[in-house]
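Novice: structure.cif (mmCIF, N, CA and C atoms and all ligand atoms) pasted underneath:
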data_upload
loop_
_atom_site.label_atom_id
_atom_site.label_comp_id
_atom_site.auth_asym_id
_atom_site.auth_seq_id
_atom_site.Cartn_x
_atom_site.Cartn_y
_atom_site.Cartn_z
N MET A 1 -44.51 -11.81 44.09
CA MET A 1 -45.03 -10.85 43.15
C MET A 1 -43.92 -9.96 42.60
N HIS A 2 -42.90 -9.68 43.47
CA HIS A 2 -41.80 -8.85 43.01
C HIS A 2 -40.80 -9.62 42.17
N THR A 3 -40.77 -10.91 42.34
CA THR A 3 -39.77 -11.72 41.68
C THR A 3 -39.87 -11.66 40.15
N PRO A 4 -41.06 -11.81 39.56
CA PRO A 4 -41.12 -11.74 38.09
C PRO A 4 -40.69 -10.37 37.58
N ARG A 5 -41.06 -9.29 38.26
CA ARG A 5 -40.68 -7.96 37.81
C ARG A 5 -39.16 -7.77 37.91
N ARG A 6 -38.58 -8.26 39.07
CA ARG A 6 -37.14 -8.16 39.23
C ARG A 6 -36.40 -8.97 38.16
N GLY A 7 -36.93 -10.14 37.88
CA GLY A 7 -36.32 -10.97 36.83
C GLY A 7 -36.38 -10.29 35.48
N PHE A 8 -37.51 -9.64 35.22
CA PHE A 8 -37.66 -8.92 33.95
C PHE A 8 -36.65 -7.77 33.87
N LEU A 9 -36.53 -7.02 34.99
CA LEU A 9 -35.57 -5.91 35.01
C LEU A 9 -34.14 -6.40 34.86
N ASN A 10 -33.83 -7.50 35.53
CA ASN A 10 -32.48 -8.07 35.39
C ASN A 10 -32.20 -8.48 33.96
N THR A 11 -33.18 -9.04 33.30
CA THR A 11 -33.01 -9.44 31.90
C THR A 11 -32.77 -8.22 31.02
N ILE A 12 -33.57 -7.18 31.24
CA ILE A 12 -33.41 -5.96 30.46
C ILE A 12 -32.04 -5.34 30.70
N LEU A 13 -31.63 -5.24 31.99
CA LEU A 13 -30.34 -4.64 32.31
C LEU A 13 -29.19 -5.47 31.76
N SER A 14 -29.30 -6.77 31.85
CA SER A 14 -28.24 -7.64 31.32
C SER A 14 -28.12 -7.49 29.81
N SER A 15 -29.26 -7.42 29.14
CA SER A 15 -29.24 -7.25 27.68
C SER A 15 -28.64 -5.91 27.31
N SER A 16 -29.00 -4.87 28.06
CA SER A 16 -28.45 -3.54 27.77
C SER A 16 -26.95 -3.52 28.00
N PHE A 17 -26.53 -4.15 29.10
CA PHE A 17 -25.09 -4.18 29.37
C PHE A 17 -24.35 -4.93 28.27
N ALA A 18 -24.90 -6.06 27.85
CA ALA A 18 -24.25 -6.84 26.78
C ALA A 18 -24.19 -6.04 25.49
N ALA A 19 -25.27 -5.34 25.15
CA ALA A 19 -25.28 -4.55 23.92
C ALA A 19 -24.27 -3.41 24.00
N THR A 20 -24.21 -2.75 25.16
CA THR A 20 -23.25 -1.65 25.33
C THR A 20 -21.82 -2.18 25.25
N ALA A 21 -21.56 -3.29 25.91
CA ALA A 21 -20.22 -3.87 25.87
C ALA A 21 -19.83 -4.25 24.45
N ALA A 22 -20.78 -4.82 23.71
CA ALA A 22 -20.48 -5.19 22.32
C ALA A 22 -20.20 -3.96 21.47
N ALA A 23 -20.99 -2.89 21.70
CA ALA A 23 -20.81 -1.66 20.93
C ALA A 23 -19.46 -1.02 21.21
N VAL A 24 -18.96 -1.18 22.42
CA VAL A 24 -17.66 -0.59 22.77
C VAL A 24 -16.51 -1.51 22.34
N LEU A 25 -16.65 -2.79 22.60
CA LEU A 25 -15.53 -3.70 22.36
C LEU A 25 -15.34 -4.07 20.89
N TYR A 26 -16.41 -4.11 20.12
CA TYR A 26 -16.27 -4.53 18.72
C TYR A 26 -15.35 -3.59 17.92
N PRO A 27 -15.52 -2.25 18.02
CA PRO A 27 -14.58 -1.38 17.28
C PRO A 27 -13.14 -1.53 17.76
N ILE A 28 -12.97 -1.74 19.06
CA ILE A 28 -11.60 -1.93 19.58
C ILE A 28 -11.01 -3.21 19.01
N TRP A 29 -11.81 -4.27 19.00
CA TRP A 29 -11.35 -5.55 18.47
C TRP A 29 -11.00 -5.42 16.99
N ARG A 30 -11.83 -4.72 16.22
CA ARG A 30 -11.56 -4.54 14.79
C ARG A 30 -10.31 -3.70 14.56
N PHE A 31 -10.06 -2.74 15.48
CA PHE A 31 -8.88 -1.90 15.34
C PHE A 31 -7.61 -2.69 15.62
N ILE A 32 -7.66 -3.54 16.63
CA ILE A 32 -6.47 -4.29 17.03
C ILE A 32 -6.11 -5.36 15.99
N LEU A 33 -7.11 -6.09 15.51
CA LEU A 33 -6.84 -7.14 14.53
C LEU A 33 -6.71 -6.54 13.15
N PRO A 34 -5.68 -6.86 12.40
CA PRO A 34 -5.56 -6.33 11.04
C PRO A 34 -6.67 -6.87 10.16
N PRO A 35 -7.14 -6.06 9.22
CA PRO A 35 -8.20 -6.54 8.35
C PRO A 35 -7.69 -7.63 7.41
N GLU A 36 -8.56 -8.55 7.11
CA GLU A 36 -8.20 -9.59 6.15
C GLU A 36 -8.39 -9.01 4.77
N THR A 37 -7.30 -8.87 4.06
CA THR A 37 -7.39 -8.34 2.71
C THR A 37 -6.74 -9.33 1.77
N ALA A 38 -6.98 -9.12 0.52
CA ALA A 38 -6.38 -9.98 -0.48
C ALA A 38 -5.01 -9.48 -0.88
N GLU A 39 -4.48 -8.52 -0.10
CA GLU A 39 -3.22 -7.89 -0.48
C GLU A 39 -2.09 -8.90 -0.66
N SER A 40 -1.96 -9.81 0.33
CA SER A 40 -0.86 -10.74 0.23
C SER A 40 -1.06 -11.71 -0.94
N ALA A 41 -2.32 -11.92 -1.34
CA ALA A 41 -2.57 -12.80 -2.46
C ALA A 41 -2.31 -12.10 -3.79
N GLU A 42 -2.32 -10.78 -3.78
CA GLU A 42 -2.09 -10.03 -5.00
C GLU A 42 -0.60 -9.99 -5.28
N LEU A 43 -0.12 -10.91 -6.06
CA LEU A 43 1.31 -10.99 -6.29
C LEU A 43 1.71 -10.40 -7.62
N SER A 44 0.75 -10.00 -8.43
CA SER A 44 1.12 -9.39 -9.69
C SER A 44 0.04 -8.41 -10.15
N ALA A 45 0.46 -7.52 -11.02
CA ALA A 45 -0.45 -6.54 -11.62
C ALA A 45 -0.01 -6.31 -13.04
N THR A 46 -0.96 -6.03 -13.90
CA THR A 46 -0.66 -5.76 -15.29
C THR A 46 -0.85 -4.27 -15.56
N VAL A 47 0.20 -3.66 -16.08
CA VAL A 47 0.12 -2.26 -16.49
C VAL A 47 -0.12 -2.28 -17.99
N GLU A 48 -1.36 -1.99 -18.35
CA GLU A 48 -1.73 -2.11 -19.76
C GLU A 48 -1.09 -1.02 -20.61
N ARG A 49 -0.66 -1.43 -21.79
CA ARG A 49 -0.05 -0.54 -22.79
C ARG A 49 1.16 0.21 -22.24
N ALA A 50 1.81 -0.38 -21.26
CA ALA A 50 2.98 0.28 -20.68
C ALA A 50 4.14 0.34 -21.66
N ALA A 51 4.14 -0.57 -22.64
CA ALA A 51 5.23 -0.56 -23.62
C ALA A 51 5.28 0.75 -24.39
N GLU A 52 4.19 1.51 -24.34
CA GLU A 52 4.17 2.81 -25.02
C GLU A 52 4.89 3.89 -24.21
N MET A 53 5.24 3.57 -22.97
CA MET A 53 5.96 4.57 -22.16
C MET A 53 7.34 4.81 -22.78
N PRO A 54 7.71 6.05 -23.02
CA PRO A 54 9.04 6.30 -23.58
C PRO A 54 10.11 6.06 -22.52
N PRO A 55 11.33 5.81 -22.96
CA PRO A 55 12.42 5.73 -21.98
C PRO A 55 12.48 7.03 -21.18
N ASN A 56 13.00 6.91 -19.97
CA ASN A 56 13.12 8.05 -19.05
C ASN A 56 11.74 8.56 -18.63
N SER A 57 10.88 7.60 -18.24
CA SER A 57 9.56 7.99 -17.74
C SER A 57 9.12 7.00 -16.66
N GLY A 58 8.12 7.40 -15.93
CA GLY A 58 7.59 6.55 -14.87
C GLY A 58 6.08 6.62 -14.85
N GLN A 59 5.49 5.62 -14.24
CA GLN A 59 4.04 5.59 -14.15
C GLN A 59 3.63 4.91 -12.85
N ILE A 60 2.71 5.56 -12.15
CA ILE A 60 2.13 4.97 -10.95
C ILE A 60 1.05 3.99 -11.38
N PHE A 61 1.00 2.84 -10.74
CA PHE A 61 -0.05 1.87 -11.02
C PHE A 61 -0.51 1.26 -9.71
N ARG A 62 -1.65 0.60 -9.78
CA ARG A 62 -2.22 -0.02 -8.57
C ARG A 62 -1.65 -1.43 -8.43
N PHE A 63 -1.03 -1.67 -7.29
CA PHE A 63 -0.47 -2.99 -7.01
C PHE A 63 -1.15 -3.51 -5.74
N GLY A 64 -2.21 -4.28 -5.91
CA GLY A 64 -3.02 -4.69 -4.76
C GLY A 64 -3.68 -3.48 -4.14
N GLN A 65 -3.48 -3.30 -2.87
CA GLN A 65 -4.07 -2.17 -2.16
C GLN A 65 -3.16 -0.96 -2.15
N ARG A 66 -1.98 -1.07 -2.76
CA ARG A 66 -0.98 -0.01 -2.65
C ARG A 66 -0.55 0.48 -4.03
N PRO A 67 0.07 1.65 -4.05
CA PRO A 67 0.58 2.13 -5.34
C PRO A 67 1.93 1.51 -5.67
N GLY A 68 2.13 1.27 -6.94
CA GLY A 68 3.43 0.82 -7.43
C GLY A 68 3.96 1.86 -8.41
N LEU A 69 5.24 1.79 -8.67
CA LEU A 69 5.86 2.71 -9.62
C LEU A 69 6.61 1.90 -10.66
N LEU A 70 6.21 2.06 -11.91
CA LEU A 70 6.90 1.42 -13.03
C LEU A 70 7.79 2.47 -13.67
N VAL A 71 9.06 2.13 -13.84
CA VAL A 71 10.03 3.07 -14.43
C VAL A 71 10.60 2.46 -15.69
N HIS A 72 10.58 3.23 -16.77
CA HIS A 72 11.29 2.87 -17.99
C HIS A 72 12.54 3.74 -17.98
N THR A 73 13.67 3.13 -17.72
CA THR A 73 14.89 3.91 -17.48
C THR A 73 15.37 4.57 -18.78
N PRO A 74 16.25 5.56 -18.66
CA PRO A 74 16.80 6.19 -19.87
C PRO A 74 17.50 5.18 -20.77
N GLU A 75 18.01 4.09 -20.20
CA GLU A 75 18.69 3.06 -20.99
C GLU A 75 17.72 2.05 -21.58
N GLY A 76 16.42 2.20 -21.28
CA GLY A 76 15.42 1.30 -21.86
C GLY A 76 15.09 0.09 -21.01
N GLU A 77 15.61 0.03 -19.78
CA GLU A 77 15.27 -1.08 -18.89
C GLU A 77 13.97 -0.77 -18.16
N TRP A 78 13.32 -1.86 -17.73
CA TRP A 78 12.09 -1.71 -16.95
C TRP A 78 12.38 -2.03 -15.50
N ARG A 79 11.89 -1.21 -14.60
CA ARG A 79 12.03 -1.45 -13.16
C ARG A 79 10.68 -1.17 -12.51
N ALA A 80 10.39 -1.87 -11.45
CA ALA A 80 9.14 -1.61 -10.72
C ALA A 80 9.41 -1.69 -9.23
N PHE A 81 8.74 -0.82 -8.51
CA PHE A 81 8.93 -0.70 -7.07
C PHE A 81 7.59 -0.45 -6.38
N SER A 82 7.60 -0.65 -5.10
CA SER A 82 6.50 -0.09 -4.31
C SER A 82 6.65 1.42 -4.39
N ALA A 83 5.53 2.12 -4.59
CA ALA A 83 5.59 3.58 -4.66
C ALA A 83 5.43 4.21 -3.28
N MET A 84 5.45 3.38 -2.24
CA MET A 84 5.32 3.92 -0.89
C MET A 84 6.70 4.20 -0.31
N CYS A 85 6.95 5.47 -0.04
CA CYS A 85 8.22 5.87 0.54
C CYS A 85 8.46 5.15 1.85
N THR A 86 9.71 4.75 2.07
CA THR A 86 10.03 4.02 3.29
C THR A 86 10.18 4.93 4.50
N HIS A 87 10.00 6.22 4.30
CA HIS A 87 10.03 7.13 5.44
C HIS A 87 8.66 7.17 6.10
N LEU A 88 7.71 7.85 5.49
CA LEU A 88 6.38 7.96 6.09
C LEU A 88 5.27 7.63 5.10
N ASN A 89 5.60 6.78 4.13
CA ASN A 89 4.60 6.22 3.20
C ASN A 89 3.98 7.20 2.23
N CYS A 90 4.60 8.33 1.97
CA CYS A 90 4.12 9.18 0.88
C CYS A 90 4.35 8.42 -0.43
N THR A 91 3.67 8.83 -1.46
CA THR A 91 3.84 8.20 -2.77
C THR A 91 5.01 8.84 -3.50
N VAL A 92 5.96 8.02 -3.90
CA VAL A 92 7.12 8.52 -4.63
C VAL A 92 6.78 8.61 -6.11
N ASP A 93 7.64 9.29 -6.88
CA ASP A 93 7.41 9.39 -8.32
C ASP A 93 8.76 9.47 -9.02
N TYR A 94 8.73 9.18 -10.31
CA TYR A 94 9.96 9.25 -11.09
C TYR A 94 10.17 10.69 -11.56
N ASP A 95 11.39 11.19 -11.39
CA ASP A 95 11.75 12.53 -11.85
C ASP A 95 12.65 12.38 -13.06
N PRO A 96 12.13 12.62 -14.29
CA PRO A 96 12.94 12.40 -15.49
C PRO A 96 14.12 13.37 -15.58
N GLY A 97 13.98 14.57 -15.00
CA GLY A 97 15.09 15.53 -15.05
C GLY A 97 16.26 15.05 -14.21
N ALA A 98 15.98 14.58 -13.02
CA ALA A 98 17.04 14.11 -12.12
C ALA A 98 17.40 12.65 -12.40
N ARG A 99 16.52 11.95 -13.14
CA ARG A 99 16.69 10.51 -13.38
C ARG A 99 16.79 9.74 -12.07
N MET A 100 15.94 10.14 -11.15
CA MET A 100 15.88 9.52 -9.83
C MET A 100 14.41 9.37 -9.45
N ILE A 101 14.19 8.58 -8.42
CA ILE A 101 12.86 8.47 -7.84
C ILE A 101 12.85 9.39 -6.63
N ILE A 102 11.85 10.23 -6.58
CA ILE A 102 11.85 11.23 -5.51
C ILE A 102 10.57 11.11 -4.69
N CYS A 103 10.70 11.56 -3.46
CA CYS A 103 9.55 11.69 -2.57
C CYS A 103 9.45 13.16 -2.22
N ALA A 104 8.37 13.77 -2.66
CA ALA A 104 8.22 15.22 -2.47
C ALA A 104 7.91 15.59 -1.02
N CYS A 105 7.50 14.64 -0.21
CA CYS A 105 7.10 14.99 1.16
C CYS A 105 8.26 15.59 1.95
N HIS A 106 9.42 14.90 1.92
CA HIS A 106 10.57 15.38 2.70
C HIS A 106 11.85 15.28 1.89
N ASN A 107 11.73 15.38 0.57
CA ASN A 107 12.88 15.36 -0.32
C ASN A 107 13.69 14.08 -0.23
N GLY A 108 13.02 12.97 -0.10
CA GLY A 108 13.71 11.69 -0.16
C GLY A 108 14.07 11.37 -1.60
N VAL A 109 15.22 10.75 -1.80
CA VAL A 109 15.69 10.42 -3.15
C VAL A 109 16.14 8.95 -3.17
N PHE A 110 15.70 8.26 -4.22
CA PHE A 110 16.08 6.86 -4.45
C PHE A 110 16.68 6.76 -5.85
N ASP A 111 17.67 5.89 -6.01
CA ASP A 111 18.22 5.70 -7.36
C ASP A 111 17.34 4.72 -8.13
N LEU A 112 17.73 4.41 -9.35
CA LEU A 112 16.89 3.57 -10.20
C LEU A 112 16.98 2.09 -9.84
N SER A 113 17.72 1.78 -8.77
CA SER A 113 17.66 0.44 -8.19
C SER A 113 16.79 0.43 -6.95
N GLY A 114 16.23 1.60 -6.62
CA GLY A 114 15.38 1.71 -5.45
C GLY A 114 16.13 2.01 -4.16
N ARG A 115 17.45 2.16 -4.26
CA ARG A 115 18.23 2.43 -3.05
C ARG A 115 18.00 3.85 -2.57
N ASN A 116 17.83 4.00 -1.27
CA ASN A 116 17.69 5.32 -0.67
C ASN A 116 19.05 5.98 -0.65
N ILE A 117 19.18 7.11 -1.33
CA ILE A 117 20.49 7.74 -1.44
C ILE A 117 20.54 9.13 -0.83
N SER A 118 19.37 9.68 -0.49
CA SER A 118 19.39 11.01 0.10
C SER A 118 18.08 11.25 0.82
N GLY A 119 18.16 12.09 1.86
CA GLY A 119 16.95 12.42 2.60
C GLY A 119 16.66 11.42 3.70
N PRO A 120 15.48 11.52 4.29
CA PRO A 120 15.19 10.71 5.48
C PRO A 120 14.78 9.25 5.25
N PRO A 121 14.46 8.78 4.05
CA PRO A 121 14.04 7.37 3.94
C PRO A 121 15.11 6.42 4.49
N PRO A 122 14.72 5.53 5.38
CA PRO A 122 15.71 4.65 6.03
C PRO A 122 16.03 3.39 5.25
N ARG A 123 15.21 3.03 4.30
CA ARG A 123 15.41 1.76 3.59
C ARG A 123 15.16 1.94 2.10
N PRO A 124 15.64 1.01 1.28
CA PRO A 124 15.31 1.03 -0.16
C PRO A 124 13.83 0.77 -0.38
N LEU A 125 13.37 1.13 -1.55
CA LEU A 125 12.01 0.78 -1.95
C LEU A 125 11.94 -0.71 -2.21
N GLU A 126 10.80 -1.31 -1.91
CA GLU A 126 10.60 -2.72 -2.25
C GLU A 126 10.57 -2.83 -3.78
N SER A 127 11.35 -3.73 -4.32
CA SER A 127 11.40 -3.86 -5.78
C SER A 127 10.63 -5.09 -6.23
N TYR A 128 10.10 -5.01 -7.44
CA TYR A 128 9.30 -6.08 -8.02
C TYR A 128 9.95 -6.52 -9.33
N SER A 129 9.59 -7.70 -9.77
CA SER A 129 10.08 -8.16 -11.07
C SER A 129 9.13 -7.67 -12.17
N VAL A 130 9.69 -7.50 -13.35
CA VAL A 130 8.94 -6.94 -14.48
C VAL A 130 9.08 -7.89 -15.67
N ASN A 131 7.97 -8.17 -16.32
CA ASN A 131 7.98 -8.97 -17.54
C ASN A 131 7.10 -8.31 -18.58
N LEU A 132 7.61 -8.25 -19.80
CA LEU A 132 6.83 -7.70 -20.90
C LEU A 132 5.94 -8.79 -21.48
N ARG A 133 4.68 -8.43 -21.73
CA ARG A 133 3.76 -9.36 -22.39
C ARG A 133 3.03 -8.56 -23.46
N ASN A 134 3.54 -8.66 -24.66
CA ASN A 134 3.05 -7.84 -25.78
C ASN A 134 3.17 -6.37 -25.43
N GLU A 135 2.06 -5.64 -25.40
CA GLU A 135 2.11 -4.21 -25.08
C GLU A 135 2.02 -3.94 -23.59
N ASP A 136 1.74 -4.98 -22.82
CA ASP A 136 1.54 -4.81 -21.38
C ASP A 136 2.80 -5.16 -20.62
N VAL A 137 2.88 -4.64 -19.42
CA VAL A 137 3.97 -4.99 -18.53
C VAL A 137 3.35 -5.65 -17.29
N VAL A 138 3.86 -6.83 -16.97
CA VAL A 138 3.35 -7.56 -15.81
C VAL A 138 4.37 -7.41 -14.69
N VAL A 139 3.92 -6.86 -13.58
CA VAL A 139 4.77 -6.61 -12.42
C VAL A 139 4.40 -7.65 -11.36
N SER A 140 5.43 -8.30 -10.79
CA SER A 140 5.17 -9.32 -9.80
C SER A 140 6.07 -9.11 -8.59
N LYS A 141 5.58 -9.56 -7.44
CA LYS A 141 6.43 -9.52 -6.26
C LYS A 141 7.56 -10.51 -6.45
N VAL A 142 8.74 -10.11 -6.05
CA VAL A 142 9.94 -10.93 -6.23
C VAL A 142 9.89 -12.12 -5.29
S1 LIG B 1 7.69 10.37 3.36
FE1 LIG B 1 9.15 10.24 1.78
S2 LIG B 1 10.80 11.43 2.50
FE2 LIG B 1 9.35 11.54 4.09
#
Starting from the file, give its structure as structure tokens.
Ligand code: FES
Specialist:
Amino acid sequence: MHTPRRGFLNTILSSSFAATAAAVLYPIWRFILPPETAESAELSATVERAAEMPPNSGQIFRFGQRPGLLVHTPEGEWRAFSAMCTHLNCTVDYDPGARMIICACHNGVFDLSGRNISGPPPRPLESYSVNLRNEDVVVSKV
């Protein structure tokens, strides 16, 4: 007579334990494994009407899941970089007065080739290739 009740309780306890374990382990598992994103598949982005940017200007654009920086140099060349600072991932921007790429977080400075030339950034910015297509600029991973 006790056996069916004990079996029922064991089933309930086992189910509760399994549900609790799943509730605890699933977030840990999701945290450990990187999310599957289309980021690596996003190899190019189009900056519409970028040809209207005057020389000596910059523009932040979306490059996959991250920001990119398109620079129209004072000499009229186009350059594109990851806009994520190599120090602590703040977003960099083009400074037309200094004619440099700067990171306001800790005064990091990059030249127009993306090289880290001052401040704490340990590496150059990732650079991308740039192609003009009519009024648009197409930025692609190198
Ligand atoms: S995050 Fe750019 S200099 Fe620190």
Novice: Distance limit 6.5 Å, reference ligand LIG 1 (chain B), atoms considered: all atoms listed in the file. Which residues make the cut? Give them as a list in words.
Specialist: Cys85, Thr86, His87, Leu88, Asn89, Cys90, Thr91, Cys103, Ala104, Cys105, His106, Asn107, Gly108, Val109, Gly119, Pro120 and Pro121 of chain A
Novice: In Å, with one decimal, what is the gap from CA of Arg5 (chain A) to CA of Ala23 (chain A)?
Specialist: 26.8 Å
Novice: Could you check how far atom N of Val137 (chain A) sits from atom N of Thr46 (chain A), in Å to one decimal?
Specialist: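 Atom N of Thr46 (chain A) lies at a distance of 6.9 Å from atom N of Val137 (chain A).
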Novice: Distance CA of Arg66 (chain A)-CA of Ile102 (chain A), one decimal place?
Specialist: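 Rounded to one decimal, the two atoms are 17.3 Å apart.
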Novice: From a DSSP calculation on the backbone, collect every residue of region 6-128 of chain A in alpha helix (DSSP H) and output the set as a list in words.
Specialist: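 Filtering region 6-128 of chain A to alpha helix (DSSP H) leaves Arg6, Gly7, Phe8, Leu9, Asn10, Thr11, Ile12, Leu13, Ser14, Ser15, Ser16, Phe17, Ala18, Ala19, Thr20, Ala21, Ala22, Ala23, Val24, Leu25, Tyr26, Pro27, Ile28, Trp29, Arg30, Phe31 and Ile32 of chain A.
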Novice: Pull the strand (DSSP E or B) assignments for chain A out of DSSP run on the backbone, and list those residues as an NGL selection string.
Specialist: :A and (44-47 or 57-63 or 66-72 or 78-82 or 84 or 91 or 93-95 or 100-103 or 108-110 or 116-118 or 127-133 or 136-141)
Novice: May I have the protein, DNA and RNA residues with any atom at most 9 Å from the point (-0.9, -6.2, -23.8), counting only C-alpha atoms, written as a PyMOL selection string?
Specialist: chain A and resi 46-51+132-137
Novice: Box for region 120-139 of chain A: with edges along x, y and z, all listed atoms inside and 3 Å added on each side, what are the centre and edge lengths in Å to one decimal, as lines of an AutoDock Vina configuration file?
Specialist:
center_x = 8.8
center_y = 1.1
center_z = -9.9
size_x = 20.5
size_y = 26.9
size_z = 37.8
Novice: Tell me, as a list of chain:residue names, which residues lie within 10 Å of Ser129 (chain A), counting only C-alpha atoms; anything in the same chain fewer than 5 positions away does not count.
Specialist: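 My reading of the contact set: A:Ser44, A:Trp78, A:Arg79, A:Ala80, A:Phe81, A:Val138, A:Val139, A:Ser140, A:Lys141, A:Val142.
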Novice: Please produce an output containing N, CA and C atoms for each residue in the selection, written as a short mmCIF file (atom, residue, chain, number, x, y, z; two decimals), in the coordinates of the input.
Specialist:
data_model
loop_
_atom_site.label_atom_id
_atom_site.label_comp_id
_atom_site.auth_asym_id
_atom_site.auth_seq_id
_atom_site.Cartn_x
_atom_site.Cartn_y
_atom_site.Cartn_z
N SER A 44 0.75 -10.00 -8.43
CA SER A 44 1.12 -9.39 -9.69
C SER A 44 0.04 -8.41 -10.15
N TRP A 78 13.32 -1.86 -17.73
CA TRP A 78 12.09 -1.71 -16.95
C TRP A 78 12.38 -2.03 -15.50
N ARG A 79 11.89 -1.21 -14.60
CA ARG A 79 12.03 -1.45 -13.16
C ARG A 79 10.68 -1.17 -12.51
N ALA A 80 10.39 -1.87 -11.45
CA ALA A 80 9.14 -1.61 -10.72
C ALA A 80 9.41 -1.69 -9.23
N PHE A 81 8.74 -0.82 -8.51
CA PHE A 81 8.93 -0.70 -7.07
C PHE A 81 7.59 -0.45 -6.38
N VAL A 138 3.86 -6.83 -16.97
CA VAL A 138 3.35 -7.56 -15.81
C VAL A 138 4.37 -7.41 -14.69
N VAL A 139 3.92 -6.86 -13.58
CA VAL A 139 4.77 -6.61 -12.42
C VAL A 139 4.40 -7.65 -11.36
N SER A 140 5.43 -8.30 -10.79
CA SER A 140 5.17 -9.32 -9.80
C SER A 140 6.07 -9.11 -8.59
N LYS A 141 5.58 -9.56 -7.44
CA LYS A 141 6.43 -9.52 -6.26
C LYS A 141 7.56 -10.51 -6.45
N VAL A 142 8.74 -10.11 -6.05
CA VAL A 142 9.94 -10.93 -6.23
C VAL A 142 9.89 -12.12 -5.29
#
Novice: Let me make sure I understand: among A:Ala83, A:Val24, A:Ala45, A:Leu9, which one has the smallest atom-to-atom distance to Pro67 (chain A) if we use all atoms listed in the file?
Specialist: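 With all atoms listed in the file as the atom set, the closest residue is A:Ala83.
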